[in-house]
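Q: Below you will find the structure I want to go over with you.
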Amino acid sequence: MAKLTKAEARKHAAAVALLQKDVLTFDERCFVLDNWHEGANHVNGSAGAFFTPSALAQDFAIDAWGGRTIDLCAGIGCLAFHVYWRHRAGHGSDCPEKQIVCIEKNPDYVAVGRKVLPEATWICADVFAFDFSTLGHFGCAIANPPFGSTPRAGQGPRYSGRAFEYHLIDLAADIADNGAFIIPQMSAPFQFSGVQCYRECKSEHYLQFEAQTGVELAAGCGVDCAFHRADWRGVAPSVEIVCADFDTARKARQKPEEIAPAPRPAAPVQGSLFDLVA
């Protein structure tokens with residue numbers, strides 16, 4: 001467990017008190033997201049579980065598009081919350097609610113998440129030990145997963161390296177058409193955040209991931225994550241937001257015989273104009 005400052009402990013206690021209510025207002029939900037401290041009762045270092053700062057999650061939501069959404073390793077739902085409310089703000093309260101599924105293995109986090117974003121479907125499970133066929137297909141997968149060689153219950157279907165984030169993205173490639181993820185800057189194929197200008201930077205580990213999965217990670221709208229580096233709790237990671245077009249990668253992996261031939265155009269109608277009119 002982390003040693004909280006007096007201010008952090010006071011705000012965490014206030015968030016815990018709010019969670020005793022059956023229904024939270026929008027402002028109360030935001031307060032919980034900002035002040036319920038993941039290190040108060042859990043050792044997060046070994047699990048790599050550090051919640052996304054709200055300001056970064058707000059920017060991240062710009063890149064998370066694609067209809068029905070799944071949040072993998074959802075924590076208490078900060079990413080999903082801002083994706084949901086960005087959709088609501090952009091389309092109005094009269095539009096159908098955005099469908100979001102959140103999967104998180106820590107039951108305490110799930111309990112908080114259900115109060116923060118009750119509009120989502122919450123599942124308490126390990127993403128590497130879950131049968132995703134029961135959920136159908138998604139338009140978008142999102143995540144701020146644990147980083148590096150964090151222990152996990154399984155692995156992606158193709159990637160064989162050690163990076164947790166690559167295994168999770170490989171898994172997501174089979175259940176969604178698009179993806180948006182927060183990953184370590186060293187795992188991204190570029191540097192944008194905290195540097196003077198965008199530059200491509202593909203490590204051997206990334207090239208292994210790309211070769212094994214066929215998934216290419218790219219910059220999204222261009223969020224400089226370094227602006228939010230001081231907002232993380234207990235860590236100050238250098239991260240990037242990466243986006244993936246899983247549908248294109250999936251089609252590229254298909255064998256020619258698996259691709260249905262395009263329908264042939266109908267043969268032109270023979271006869272005179274008079275025949276056609278008649």
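Within each chain, counting starts at residue 1; across the structure tokens, chains are named A, B, ... in the order shown, with ligands numbered 1 upward in that order.
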For range 97-112 of chain A, list every protein, DNA or RNA residue within 9 Å, evaluated using only C-alpha atoms, and leave out those in the same chain fewer than 6 positions away; present the list as number ranges by chain.
A: A: 19, 32, 36, 38, 67-77, 80, 83-85, 87-88, 119-127, 135
Q: Restrict the selected residues to C-alpha atoms and save them as a short mmCIF file (atom, residue, chain, number, x, y, z; two decimals), in the first residue's frame.
A:
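Below is the file that was written, part08.cif:
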data_model
loop_
_atom_site.label_atom_id
_atom_site.label_comp_id
_atom_site.auth_asym_id
_atom_site.auth_seq_id
_atom_site.Cartn_x
_atom_site.Cartn_y
_atom_site.Cartn_z
CA LEU A 19 -19.62 5.65 -2.46
CA VAL A 32 -14.46 9.85 -6.85
CA TRP A 36 -10.36 7.56 -4.68
CA GLU A 38 -5.81 3.11 -5.77
CA GLY A 67 -19.39 2.48 -31.64
CA ARG A 68 -19.76 -0.29 -29.05
CA THR A 69 -16.70 -0.10 -26.78
CA ILE A 70 -14.83 -2.44 -24.44
CA ASP A 71 -12.47 -1.18 -21.73
CA LEU A 72 -9.86 -3.82 -20.87
CA CYS A 73 -8.19 -3.65 -17.42
CA ALA A 74 -10.69 -0.89 -16.68
CA GLY A 75 -9.68 -0.02 -13.10
CA ILE A 76 -12.51 2.12 -11.71
CA GLY A 77 -13.51 3.21 -15.21
CA ALA A 80 -14.73 4.50 -20.06
CA VAL A 83 -15.49 8.11 -23.51
CA TYR A 84 -19.14 7.71 -22.49
CA TRP A 85 -19.68 11.35 -21.54
CA HIS A 87 -20.23 10.68 -26.74
CA ARG A 88 -23.18 12.00 -24.70
CA GLU A 119 -24.33 2.96 -17.53
CA ALA A 120 -21.62 0.42 -18.45
CA THR A 121 -21.74 -3.34 -18.12
CA TRP A 122 -19.13 -4.34 -15.53
CA ILE A 123 -17.48 -7.76 -15.52
CA CYS A 124 -15.09 -8.85 -12.77
CA ALA A 125 -12.61 -11.07 -14.61
CA ASP A 126 -9.04 -11.36 -15.83
CA VAL A 127 -8.93 -10.35 -19.49
CA LEU A 135 -19.79 -10.64 -25.66
#
Q: Would you return as a ChimeraX atom specification the members of range 108-237 of chain A that DSSP assigns to strand (DSSP E or B) on this structure's backbone?
A: /A:121-124,138-143,176-184,190-191,199-200,217-219
Q: Find the spatial neighbours of range 194-199 of chain A, counting only C-alpha atoms, within a cut-off of 10 Å - ignore same-chain residues fewer than 3 positions away - and output them as a list in words.
A: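 Skipping anything fewer than 3 positions along the chain leaves Pro189, Phe190, Gln191, Lys202, Ala219, Gly222, Asp224, Cys225, Ala226, Phe227, Arg229, Ser238, Val239 and Glu240 of chain A.
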Q: Can you pull out the residues contacting Phe181 in chain A? Cut-off 9 Å, using only C-alpha atoms, and skip same-chain residues under 4 positions away; I want them as a VMD selection string.
A: chain A and resid 60 64 141 to 145 165 169 240 to 244
Q: For the residues in the current selection, export N, CA and C atoms as an mmCIF file, in the first residue's frame.
A:
data_model
loop_
_atom_site.group_PDB
_atom_site.id
_atom_site.type_symbol
_atom_site.label_atom_id
_atom_site.label_comp_id
_atom_site.auth_asym_id
_atom_site.auth_seq_id
_atom_site.Cartn_x
_atom_site.Cartn_y
_atom_site.Cartn_z
ATOM 1 N N PHE A 60 -7.786 11.551 -24.130
ATOM 2 C CA PHE A 60 -7.776 10.220 -24.726
ATOM 3 C C PHE A 60 -9.090 9.912 -25.434
ATOM 4 N N ALA A 64 -10.875 7.606 -29.033
ATOM 5 C CA ALA A 64 -11.621 6.362 -28.787
ATOM 6 C C ALA A 64 -12.972 6.442 -29.483
ATOM 7 N N ALA A 141 -11.790 -0.972 -28.852
ATOM 8 C CA ALA A 141 -11.225 -1.452 -27.589
ATOM 9 C C ALA A 141 -10.322 -0.357 -27.033
ATOM 10 N N ILE A 142 -10.418 -0.118 -25.722
ATOM 11 C CA ILE A 142 -9.590 0.898 -25.083
ATOM 12 C C ILE A 142 -8.928 0.297 -23.855
ATOM 13 N N ALA A 143 -7.808 0.888 -23.446
ATOM 14 C CA ALA A 143 -7.134 0.404 -22.232
ATOM 15 C C ALA A 143 -5.972 1.306 -21.857
ATOM 16 N N ASN A 144 -5.763 1.406 -20.554
ATOM 17 C CA ASN A 144 -4.500 1.843 -19.978
ATOM 18 C C ASN A 144 -4.011 0.635 -19.186
ATOM 19 N N PRO A 145 -3.367 -0.330 -19.864
ATOM 20 C CA PRO A 145 -3.044 -1.599 -19.202
ATOM 21 C C PRO A 145 -1.795 -1.478 -18.342
ATOM 22 N N GLU A 165 1.476 -4.806 -22.321
ATOM 23 C CA GLU A 165 0.661 -3.951 -23.177
ATOM 24 C C GLU A 165 0.510 -4.527 -24.580
ATOM 25 N N ILE A 169 -3.010 -5.670 -26.461
ATOM 26 C CA ILE A 169 -3.407 -5.131 -27.770
ATOM 27 C C ILE A 169 -3.619 -6.270 -28.763
ATOM 28 N N GLU A 240 2.448 7.379 -24.348
ATOM 29 C CA GLU A 240 1.852 7.873 -25.584
ATOM 30 C C GLU A 240 0.472 7.240 -25.746
ATOM 31 N N ILE A 241 -0.393 7.922 -26.453
ATOM 32 C CA ILE A 241 -1.665 7.343 -26.886
ATOM 33 C C ILE A 241 -1.449 6.787 -28.286
ATOM 34 N N VAL A 242 -1.725 5.497 -28.457
ATOM 35 C CA VAL A 242 -1.561 4.868 -29.766
ATOM 36 C C VAL A 242 -2.909 4.342 -30.239
ATOM 37 N N CYS A 243 -3.098 4.357 -31.545
ATOM 38 C CA CYS A 243 -4.334 3.878 -32.152
ATOM 39 C C CYS A 243 -4.015 2.749 -33.123
ATOM 40 N N ALA A 244 -4.979 1.852 -33.300
ATOM 41 C CA ALA A 244 -4.774 0.701 -34.177
ATOM 42 C C ALA A 244 -6.025 0.444 -34.996
#
Q: What does the distance from CA of His137 in chain A to CA of Asp177 in chain A come to in Å, to one decimal?
A: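 For CA of His137 in chain A relative to CA of Asp177 in chain A, the distance reads 8.2 Å.
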Q: If we count only C-alpha atoms, what is near Arg253 in chain A at a cut-off of 9 Å, once residues fewer than 3 positions away on the same chain are taken out, given as a PyMOL selection string?
A: chain A and resi 213-214+248-250
Q: For Gly139 in chain A, which residue out of A:Asp170, A:Asp245, A:Tyr206, A:Gly90 is the nearest one, using only C-alpha atoms?
A: A:Asp245
Q: What does the distance from CA of Ala176 in chain A to CA of Trp232 in chain A come to in Å, to one decimal?
A: 28.1 Å
Q: So that I can check the surroundings of Glu28 in chain A, please list as number ranges by chain every protein, DNA and RNA residue that reaches within 10 Å of it, counting only C-alpha atoms and ignoring chain neighbours fewer than 4 positions away.
A: A: 15, 18-19, 23-24, 32-34, 115-116
Q: Write out as a PyMOL selection string all residues of range 1-209 of chain A that backbone DSSP assigns to helix (DSSP H, G or I).
A: chain A and resi 6-18+26-35+54-60+78-91+107-116+127-129+132-134+164-172+185-187+204-209
Q: Quick check, in Å to one decimal: how far apart do CA of Ser160 in chain A and CA of Phe209 in chain A lie?
A: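 Pair CA of Ser160 in chain A / CA of Phe209 in chain A returns 8.1 Å.
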